[in-house]
$ cat my_file_14.txt   # compact mmCIF, C-alpha atoms
# COMPACT_ATOMS: atom_id res chain seq x y z
CA MET A 1 -7.80 20.39 289.92
CA PHE A 2 -4.67 18.93 291.53
CA LYS A 3 -5.51 15.67 289.72
CA GLY A 4 -8.40 15.17 292.10
CA TYR A 5 -5.95 14.28 294.86
CA TYR A 6 -7.80 16.09 297.67
CA LYS A 7 -11.30 14.79 296.88
CA GLY A 8 -12.42 12.63 299.79
CA LYS A 9 -9.14 13.07 301.68
CA ARG A 10 -9.12 13.90 305.40
CA VAL A 11 -7.07 17.09 305.44
CA LEU A 12 -5.96 18.76 308.66
CA VAL A 13 -5.25 22.49 308.59
CA THR A 14 -3.65 24.02 311.69
CA GLY A 15 -4.30 27.74 311.94
CA HIS A 16 -7.47 27.32 309.89
CA THR A 17 -9.13 30.37 311.49
CA GLY A 18 -6.44 32.76 310.25
CA PHE A 19 -6.37 34.63 306.95
CA LYS A 20 -4.40 32.10 304.90
CA GLY A 21 -5.90 29.19 306.80
CA SER A 22 -9.45 30.33 306.01
CA TRP A 23 -8.70 30.67 302.30
CA LEU A 24 -7.02 27.25 302.28
CA THR A 25 -9.99 25.71 304.11
CA ALA A 26 -12.45 27.24 301.65
CA TRP A 27 -10.43 25.93 298.70
CA LEU A 28 -10.09 22.42 300.16
CA LEU A 29 -13.84 22.31 300.70
CA LYS A 30 -14.34 23.26 297.07
CA LEU A 31 -11.95 20.46 296.08
CA GLY A 32 -14.08 17.94 297.97
CA ALA A 33 -11.83 17.38 300.99
CA ASP A 34 -13.05 16.46 304.45
CA VAL A 35 -11.40 19.32 306.36
CA ILE A 36 -10.31 19.23 309.99
CA GLY A 37 -9.18 22.47 311.62
CA ILE A 38 -7.15 23.14 314.75
CA SER A 39 -6.63 26.71 316.01
CA LYS A 40 -6.36 28.20 319.47
CA ASP A 41 -8.84 31.00 318.68
CA VAL A 42 -10.23 33.25 316.00
CA PRO A 43 -7.38 35.78 315.77
CA THR A 44 -9.16 38.89 314.51
CA ASN A 45 -12.50 40.66 314.67
CA PRO A 46 -13.87 40.71 312.06
CA SER A 47 -12.39 37.51 310.66
CA MET A 48 -12.68 35.79 307.31
CA PHE A 49 -13.33 32.52 309.13
CA GLU A 50 -16.48 33.87 310.77
CA GLU A 51 -17.63 36.17 307.96
CA THR A 52 -17.61 33.23 305.51
CA GLY A 53 -19.39 30.89 307.94
CA LEU A 54 -16.71 28.21 307.81
CA THR A 55 -17.34 26.94 311.35
CA GLY A 56 -20.15 24.60 310.35
CA ARG A 57 -18.47 23.34 307.19
CA LEU A 58 -15.61 21.37 308.77
CA SER A 59 -14.52 19.53 311.91
CA HIS A 60 -13.50 22.53 314.01
CA HIS A 61 -11.26 22.15 317.09
CA GLN A 62 -10.05 24.87 319.42
CA ALA A 63 -6.58 23.96 320.70
CA ASP A 64 -3.12 25.46 321.03
CA VAL A 65 -0.37 23.81 318.99
CA ARG A 66 1.93 24.34 321.97
CA ASP A 67 -0.10 21.77 323.96
CA LEU A 68 1.44 18.46 322.90
CA ALA A 69 -0.98 16.24 324.83
CA VAL A 70 -4.06 17.87 323.28
CA MET A 71 -2.55 17.84 319.79
CA GLN A 72 -1.72 14.16 320.21
CA GLU A 73 -5.28 13.34 321.24
CA LEU A 74 -6.94 15.35 318.45
CA ILE A 75 -4.78 14.13 315.60
CA ALA A 76 -4.96 10.51 316.78
CA GLU A 77 -8.75 10.87 316.82
CA GLU A 78 -9.03 12.54 313.40
CA GLN A 79 -6.50 10.34 311.52
CA PRO A 80 -5.67 12.79 308.71
CA ASP A 81 -4.36 11.76 305.29
CA CYS A 82 -2.72 15.14 304.80
CA VAL A 83 -1.62 17.98 307.10
CA PHE A 84 -1.05 21.65 306.30
CA HIS A 85 0.62 23.31 309.28
CA LEU A 86 -0.07 27.05 309.17
CA ALA A 87 -0.66 27.80 312.87
CA ALA A 88 1.71 30.60 313.85
CA GLN A 89 2.18 33.95 315.51
CA ALA A 90 2.39 35.71 312.16
CA ILE A 91 2.65 39.41 312.99
CA VAL A 92 6.10 41.03 313.09
CA SER A 93 5.02 43.87 315.39
CA VAL A 94 3.56 41.39 317.91
CA SER A 95 6.89 39.55 318.04
CA TYR A 96 8.42 42.67 319.63
CA ILE A 97 5.63 42.81 322.20
CA ASP A 98 5.60 39.09 323.04
CA PRO A 99 8.76 37.33 321.84
CA VAL A 100 8.11 34.30 324.05
CA GLU A 101 4.74 33.57 322.45
CA THR A 102 6.29 34.10 319.02
CA PHE A 103 9.12 31.63 319.58
CA THR A 104 7.04 29.01 321.38
CA THR A 105 4.18 29.09 318.88
CA ASN A 106 6.31 29.14 315.76
CA THR A 107 9.05 26.78 316.92
CA ILE A 108 7.66 24.55 319.69
CA GLY A 109 4.29 24.44 317.94
CA THR A 110 5.96 23.14 314.79
CA MET A 111 7.89 20.58 316.83
CA ASN A 112 4.66 19.36 318.44
CA VAL A 113 2.99 18.81 315.06
CA LEU A 114 6.01 16.81 313.89
CA GLU A 115 6.12 14.85 317.15
CA VAL A 116 2.48 13.85 316.78
CA LEU A 117 3.07 12.82 313.17
CA ARG A 118 6.04 10.74 314.32
CA ARG A 119 3.69 8.79 316.61
CA LEU A 120 0.76 8.58 314.18
CA ASN A 121 1.74 5.27 312.55
CA ARG A 122 -0.28 6.12 309.46
CA LYS A 123 0.61 7.21 305.95
CA CYS A 124 0.38 10.98 305.88
CA ILE A 125 1.50 13.90 303.73
CA ALA A 126 2.68 16.93 305.72
CA VAL A 127 3.29 20.42 304.33
CA ILE A 128 4.89 22.72 306.89
CA ILE A 129 4.45 26.42 306.14
CA THR A 130 7.10 28.83 307.39
CA SER A 131 7.83 32.22 305.80
CA ASP A 132 10.13 34.09 303.44
CA LYS A 133 11.41 35.77 306.62
CA CYS A 134 13.10 32.52 307.66
CA TYR A 135 16.07 33.66 305.54
CA ASP A 136 18.93 35.73 306.92
CA ASN A 137 17.96 38.85 305.01
CA VAL A 138 20.90 41.02 303.91
CA GLU A 139 18.64 42.92 301.47
CA TRP A 140 20.44 41.91 298.32
CA VAL A 141 18.66 42.53 295.03
CA TRP A 142 18.32 38.91 293.88
CA GLY A 143 15.89 36.41 295.34
CA TYR A 144 16.75 34.01 298.14
CA ARG A 145 17.10 30.36 297.20
CA GLU A 146 16.17 27.38 299.34
CA THR A 147 19.86 26.73 300.04
CA ASP A 148 20.59 30.22 301.41
CA ALA A 149 21.31 30.88 305.09
CA LEU A 150 18.39 30.86 307.52
CA GLY A 151 17.71 33.03 310.57
CA GLY A 152 17.26 36.73 311.00
CA LYS A 153 18.11 39.64 313.25
CA ASP A 154 14.58 40.10 314.62
CA VAL A 155 12.47 37.79 316.77
CA TYR A 156 9.94 36.87 314.10
CA SER A 157 12.62 35.93 311.56
CA GLY A 158 14.52 34.02 314.22
CA SER A 159 11.42 32.04 315.19
CA LYS A 160 10.84 31.01 311.58
CA GLY A 161 14.48 30.08 311.06
CA ALA A 162 14.35 28.03 314.26
CA ALA A 163 11.20 26.26 313.04
CA GLU A 164 13.07 25.28 309.90
CA LEU A 165 15.87 23.77 312.01
CA VAL A 166 13.28 21.76 313.93
CA VAL A 167 11.85 20.43 310.67
CA LYS A 168 15.31 19.50 309.41
CA SER A 169 16.26 17.67 312.61
CA TYR A 170 12.99 15.73 312.75
CA LEU A 171 13.26 14.88 309.07
CA HIS A 172 16.70 13.30 309.44
CA SER A 173 16.11 11.81 312.89
CA PHE A 174 12.66 10.26 312.52
CA PHE A 175 11.21 10.48 309.01
CA GLN A 176 13.60 8.25 307.11
CA GLY A 177 13.78 4.58 306.15
CA SER A 178 11.34 1.94 304.98
CA ASP A 179 9.24 2.16 308.17
CA ASN A 180 8.54 5.89 307.73
CA PHE A 181 4.89 6.71 307.05
CA VAL A 182 5.26 10.48 306.66
CA ARG A 183 6.28 12.42 303.56
CA LEU A 184 7.23 15.93 304.48
CA GLY A 185 7.73 19.19 302.58
CA VAL A 186 8.21 22.84 303.51
CA GLY A 187 6.63 25.86 301.84
CA ARG A 188 8.00 29.39 302.18
CA ALA A 189 6.14 32.51 301.08
CA GLY A 190 5.48 36.04 302.22
CA ASN A 191 3.73 39.34 301.59
CA VAL A 192 0.42 37.80 300.66
CA ILE A 193 -2.59 40.04 300.25
CA GLY A 194 -6.21 39.21 299.67
CA GLY A 195 -9.73 39.77 300.81
CA GLY A 196 -10.59 38.74 304.36
CA ASP A 197 -7.35 39.77 306.05
CA TRP A 198 -7.90 41.84 309.21
CA ALA A 199 -4.60 41.23 311.01
CA ARG A 200 -2.96 44.18 312.75
CA ASP A 201 -0.12 46.20 311.22
CA ARG A 202 -0.70 45.02 307.66
CA ILE A 203 -0.89 47.72 305.07
CA VAL A 204 -3.87 46.48 303.05
CA VAL A 205 -5.83 45.89 306.26
CA ASP A 206 -4.96 49.35 307.57
CA CYS A 207 -6.15 50.87 304.29
CA MET A 208 -9.46 49.05 304.16
CA LYS A 209 -10.32 49.75 307.80
CA ALA A 210 -9.43 53.43 307.47
CA TRP A 211 -11.11 54.01 304.13
CA ASN A 212 -14.30 52.30 305.23
CA LYS A 213 -14.48 54.84 308.07
CA GLY A 214 -13.68 57.76 305.75
CA GLN A 215 -10.22 58.17 307.26
CA ILE A 216 -6.78 58.68 305.72
CA VAL A 217 -4.31 55.85 306.27
CA GLU A 218 -0.81 56.54 307.61
CA ILE A 219 2.17 54.95 305.83
CA ARG A 220 5.28 54.31 307.88
CA SER A 221 7.60 52.81 305.18
CA PRO A 222 6.49 54.20 301.79
CA LYS A 223 9.62 53.12 299.91
CA ALA A 224 9.74 49.55 301.25
CA THR A 225 9.54 47.17 298.31
CA ARG A 226 7.69 43.88 298.45
CA PRO A 227 6.85 41.13 295.95
CA TRP A 228 3.11 41.39 296.55
CA GLN A 229 1.09 38.30 295.67
CA HIS A 230 -2.52 37.25 296.08
CA VAL A 231 -3.06 34.73 298.87
CA LEU A 232 -4.21 32.08 296.38
CA GLU A 233 -0.78 32.07 294.71
CA PRO A 234 1.19 30.45 297.54
CA LEU A 235 -1.83 28.32 298.47
CA SER A 236 -1.78 26.86 294.97
CA GLY A 237 1.88 26.10 295.64
CA TYR A 238 1.18 24.40 298.97
CA LEU A 239 -1.58 22.29 297.40
CA THR A 240 0.69 21.41 294.50
CA LEU A 241 3.43 20.40 296.92
CA GLY A 242 1.08 18.16 298.89
CA MET A 243 -0.06 16.40 295.72
CA ALA A 244 3.54 16.07 294.47
CA LEU A 245 4.73 14.55 297.75
CA ALA A 246 2.04 11.88 297.43
CA GLU A 247 3.15 11.09 293.89
CA ASN A 248 6.92 11.36 294.18
CA GLU A 249 8.86 10.05 297.18
CA THR A 250 12.07 11.76 295.99
CA LEU A 251 10.56 15.12 297.01
CA HIS A 252 10.37 14.01 300.65
CA GLY A 253 12.13 16.58 302.83
CA SER A 254 12.25 19.26 300.15
CA THR A 255 11.77 22.98 300.75
CA PHE A 256 10.15 25.29 298.20
CA ASN A 257 9.74 29.03 297.75
CA PHE A 258 6.43 30.31 296.37
CA GLY A 259 6.42 33.89 295.20
CA PRO A 260 5.42 36.19 292.33
CA ARG A 261 7.44 37.18 289.32
CA ALA A 262 9.94 40.00 289.70
CA GLU A 263 7.72 42.48 287.88
CA GLN A 264 5.22 42.30 290.77
CA ASN A 265 7.66 44.09 293.08
CA ARG A 266 6.06 47.37 294.12
CA THR A 267 6.69 49.92 296.83
CA VAL A 268 4.18 50.36 299.61
CA VAL A 269 3.14 53.73 298.22
CA GLU A 270 2.53 52.25 294.75
CA LEU A 271 0.39 49.50 296.25
CA ILE A 272 -1.70 51.93 298.27
CA GLY A 273 -2.13 54.24 295.30
CA ASP A 274 -3.47 51.38 293.16
CA LEU A 275 -5.77 50.11 295.90
CA GLY A 276 -7.01 53.65 296.46
CA ARG A 277 -7.97 54.09 292.82
CA ASN A 278 -9.91 50.83 292.94
CA TRP A 279 -11.64 52.07 296.10
CA GLY A 280 -12.65 55.25 294.29
CA PHE A 281 -10.19 57.94 295.38
CA ASP A 282 -9.32 60.57 292.80
CA SER A 283 -6.02 61.57 294.38
CA SER A 284 -3.44 60.16 296.78
CA ASP A 285 -4.06 63.00 299.25
CA GLU A 286 -7.49 61.53 299.95
CA ALA A 287 -6.05 58.06 300.57
CA TYR A 288 -2.87 58.33 302.64
CA ARG A 289 -0.23 60.41 304.36
CA ILE A 290 3.34 59.49 305.23
CA THR A 291 4.43 59.33 308.86
CA ASP A 292 7.87 59.00 310.41
CA ASN A 293 6.53 56.80 313.22
CA ILE A 294 8.29 53.47 312.68
CA PRO A 295 7.84 51.48 315.92
CA PHE A 296 9.82 48.39 314.85
CA HIS A 297 12.38 47.28 312.28
CA GLU A 298 11.11 46.23 308.86
CA ALA A 299 13.21 44.96 305.98
CA GLY A 300 13.43 47.28 303.01
CA LEU A 301 13.75 44.53 300.41
CA LEU A 302 12.98 40.83 300.52
CA LYS A 303 12.16 38.55 297.61
CA LEU A 304 12.38 34.89 296.73
CA ASN A 305 13.85 32.86 293.89
CA CYS A 306 11.20 30.30 292.89
CA ASP A 307 13.13 28.39 290.21
CA LYS A 308 13.09 25.20 292.27
CA ALA A 309 9.28 25.17 292.41
CA PHE A 310 9.12 25.91 288.68
CA PHE A 311 11.49 23.02 287.91
CA HIS A 312 10.37 20.26 290.28
CA LEU A 313 6.68 21.05 290.74
CA LYS A 314 5.96 22.79 287.43
CA TRP A 315 4.42 25.52 289.60
CA GLU A 316 4.29 29.16 288.57
CA PRO A 317 2.31 32.19 289.73
CA ASN A 318 -1.02 32.75 288.08
CA LEU A 319 -2.04 36.40 288.42
CA ASP A 320 -0.44 39.58 287.23
CA TYR A 321 -0.24 42.63 289.49
CA ALA A 322 -3.37 44.33 288.11
CA GLU A 323 -5.44 41.16 288.59
CA THR A 324 -4.14 40.83 292.13
CA ILE A 325 -5.14 44.39 293.03
CA ARG A 326 -8.56 43.97 291.43
CA MET A 327 -9.36 40.73 293.27
CA VAL A 328 -8.26 42.15 296.62
CA SER A 329 -10.29 45.32 296.09
CA GLU A 330 -13.40 43.47 294.92
CA TRP A 331 -13.47 41.20 298.00
CA TYR A 332 -13.32 44.12 300.44
CA THR A 333 -15.75 46.20 298.37
CA SER A 334 -18.21 43.32 298.40
CA TYR A 335 -17.83 42.96 302.16
CA TYR A 336 -18.08 46.62 303.11
CA ARG A 337 -20.52 47.81 300.46
CA GLY A 338 -22.58 44.91 299.24
CA SER A 339 -22.70 41.16 299.71
CA ASN A 340 -23.98 39.47 302.85
CA ASP A 341 -22.81 36.04 301.65
CA MET A 342 -19.03 36.23 301.72
CA TYR A 343 -18.64 32.45 301.47
CA ALA A 344 -20.35 32.57 298.06
CA PHE A 345 -18.20 35.51 297.01
CA THR A 346 -15.04 33.73 298.17
CA GLN A 347 -16.02 30.63 296.20
CA LYS A 348 -16.67 32.89 293.19
CA GLN A 349 -13.11 34.22 293.41
CA LEU A 350 -11.77 30.66 293.73
CA VAL A 351 -13.61 29.73 290.53
CA GLU A 352 -12.20 32.81 288.78
CA TYR A 353 -8.67 31.98 289.94
CA GLU A 354 -8.99 28.37 288.75
CA GLN A 355 -10.34 29.53 285.40
CA PHE A 356 -7.39 31.88 284.90
CA ALA A 357 -5.04 29.02 285.78
CA SER A 358 -6.74 26.61 283.41
CA GLU A 359 -6.69 29.09 280.53
CA ARG A 360 -2.98 29.72 281.18
CA GLY A 361 -2.09 26.04 281.28
CA ARG A 362 -0.97 25.83 284.90
CA GLU A 363 0.16 22.29 285.64
CA TRP A 364 -2.00 21.84 288.74
CA THR A 365 -5.20 22.38 286.74
CA LEU A 366 -4.56 19.35 284.53
CA SER A 367 -6.42 16.14 285.29
$ encode --input "my_file_14.txt" --output "structure tokens"
Amino acid sequence: MFKGYYKGKRVLVTGHTGFKGSWLTAWLLKLGADVIGISKDVPTNPSMFEETGLTGRLSHHQADVRDLAVMQELIAEEQPDCVFHLAAQAIVSVSYIDPVETFTTNTIGTMNVLEVLRRLNRKCIAVIITSDKCYDNVEWVWGYRETDALGGKDVYSGSKGAAELVVKSYLHSFFQGSDNFVRLGVGRAGNVIGGGDWARDRIVVDCMKAWNKGQIVEIRSPKATRPWQHVLEPLSGYLTLGMALAENETLHGSTFNFGPRAEQNRTVVELIGDLGRNWGFDSSDEAYRITDNIPFHEAGLLKLNCDKAFFHLKWEPNLDYAETIRMVSEWYTSYYRGSNDMYAFTQKQLVEYEQFASERGREWTLS
């Protein structure tokens, strides 16, 4: 997988204790990487990071990306070959409660990672992960391209747009010329779902927590449409981008969207209905009710155009909507109703995902 690029590599993942970071860490371990993780804490309870027992499987550091001196010391000590920067304040609702933490983590934290890489004096591949919400969303019906305007009306979107400006300025100011050791790329994705997510104010999480307790979940935006994708979809894109940067210097500084096909767009109420059937509900009345309590602004429509990733990276999404729903449901069902070895179950789903990709001729599966 990924032409064996990650086998034996020292790969740093910031935000490795989060939902996406835990899945990425588990996949990198499967690929034979020597994984280093930096996170300020374990963000949820329960957490995928703890439930899969990842702590003892990597070099685990507790540090805040906003602390430049500590980040400098850790990264200089670990000497990574590749960096995936995922550490972020990733919850829209929290950005309204604590905008300062949101901006400093997402923007200053990104700057600190780039500043440390600037001083590293070592060849290194860096993939900076932002969000589909970095775009100035005017809710048009076609997908946003990498050249569209950045920045949004809310704090979270603004923090991600600002992070992109930091990346651009560092790229052109410091990561150019024959003496540059860093090859840099940016990945943008959003609306990922998957087993092991327990973050607040996320619809799949709300459903699983409520249903496990025999409760009905409340939906605040039933008609909001999202391009739902399994967490492994964008992660396959990030891993592809890292490999491609190592192979092709012309991709240095490029930004890429990673999202599902248009037919995966579903409303919130459709998503919950499908998850509910997989959970075992016979009717929607057992699963959810609609509430008018909307405590913060949420976009009604947001999707990405991924043609650039298709063209330059030969990347494309792997799962259809039904497969996505099934894999999400099976992970939570295993956790709440069965397995006590969620690391093994997670690795089983990684194998299944890779097998689907191989059967469908995805470029990253080729040796």
$ closest_residue --input "my_file_14.txt" --among "A:Asp64, A:Glu263, A:Asp132, A:Glu363" --to "Phe311 of chain A" --atoms "all atoms listed in the file"
A:Glu363
$ closest_residue --input "my_file_14.txt" --among "A:Asn212, A:Asn112, A:Thr324, A:Gln176" --to "Gly253 of chain A" --atoms "all atoms listed in the file"
A:Gln176
$ residues_around --input "my_file_14.txt" --residues "Leu150 of chain A" --least-positions-apart "6" --cutoff "12 Å" --atoms "only C-alpha atoms" --output "ChimeraX atom specification"
/A:130-138,144,157-165,168,188
$ residues_around --input "my_file_14.txt" --residues "Val116 of chain A" --least-positions-apart "2" --cutoff "10 Å" --atoms "all atoms listed in the file" --output "list in words"
Leu68, Ala69, Met71, Gln72, Glu73, Leu74, Ile75, Ala76, Met111, Asn112, Val113, Leu114, Arg118, Arg119, Leu120 and Asn121 of chain A
$ atom_distance --input "my_file_14.txt" --atom1 "atom CA of Pro46 of chain A" --atom2 "atom CA of Ser22 of chain A"
12.8 Å
$ residues_around --input "my_file_14.txt" --residues "segment 218-235 of chain A" --least-positions-apart "6" --cutoff "7 Å" --atoms "all atoms listed in the file" --output "PyMOL selection string"
chain A and resi 20+24+189+191-194+258-260+264-269+288-294+300-303+317-318+324
$ residues_around --input "my_file_14.txt" --residues "Phe174 of chain A" --least-positions-apart "3" --cutoff "10 Å" --atoms "only C-alpha atoms" --output "JSON, numbers by chain"
{"A": [114, 115, 117, 118, 119, 169, 170, 171, 177, 179, 180, 182]}
$ closest_residue --input "my_file_14.txt" --among "A:Leu86, A:Cys306, A:Ile125, A:Val186" --to "Thr25 of chain A" --atoms "only C-alpha atoms"
A:Leu86
$ closest_residue --input "my_file_14.txt" --among "A:Leu12, A:Leu31, A:Ala309, A:Leu271" --to "Ala87 of chain A" --atoms "only C-alpha atoms"
A:Leu12
$ atom_distance --input "my_file_14.txt" --atom1 "atom CA of Asp98 of chain A" --atom2 "atom CA of Val217 of chain A"
25.7 Å
$ residues_near_point --input "my_file_14.txt" --point "(10.0, 18.7, 303.4)" --cutoff "9 Å" --atoms "all atoms listed in the file" --output "VMD selection string"
chain A and resid 126 to 128 167 to 168 171 183 to 187 245 251 to 256
$ atom_distance --input "my_file_14.txt" --atom1 "atom CA of Arg145 of chain A" --atom2 "atom CA of Gly190 of chain A"
13.9 Å
$ axis_aligned_box --input "my_file_14.txt" --around "segment 300-318 of chain A" --padding-each-side "5 Å" --output "JSON"
{"center_x": 6.4, "center_y": 33.8, "center_z": 295.2, "size_x": 24.9, "size_y": 37.0, "size_z": 25.6}
$ residues_around --input "my_file_14.txt" --residues "Phe345 of chain A" --least-positions-apart "5" --cutoff "12 Å" --atoms "all atoms listed in the file" --output "VMD selection string"
chain A and resid 23 26 48 51 to 53 195 to 196 327 to 328 330 to 335 338 to 340 350 to 352
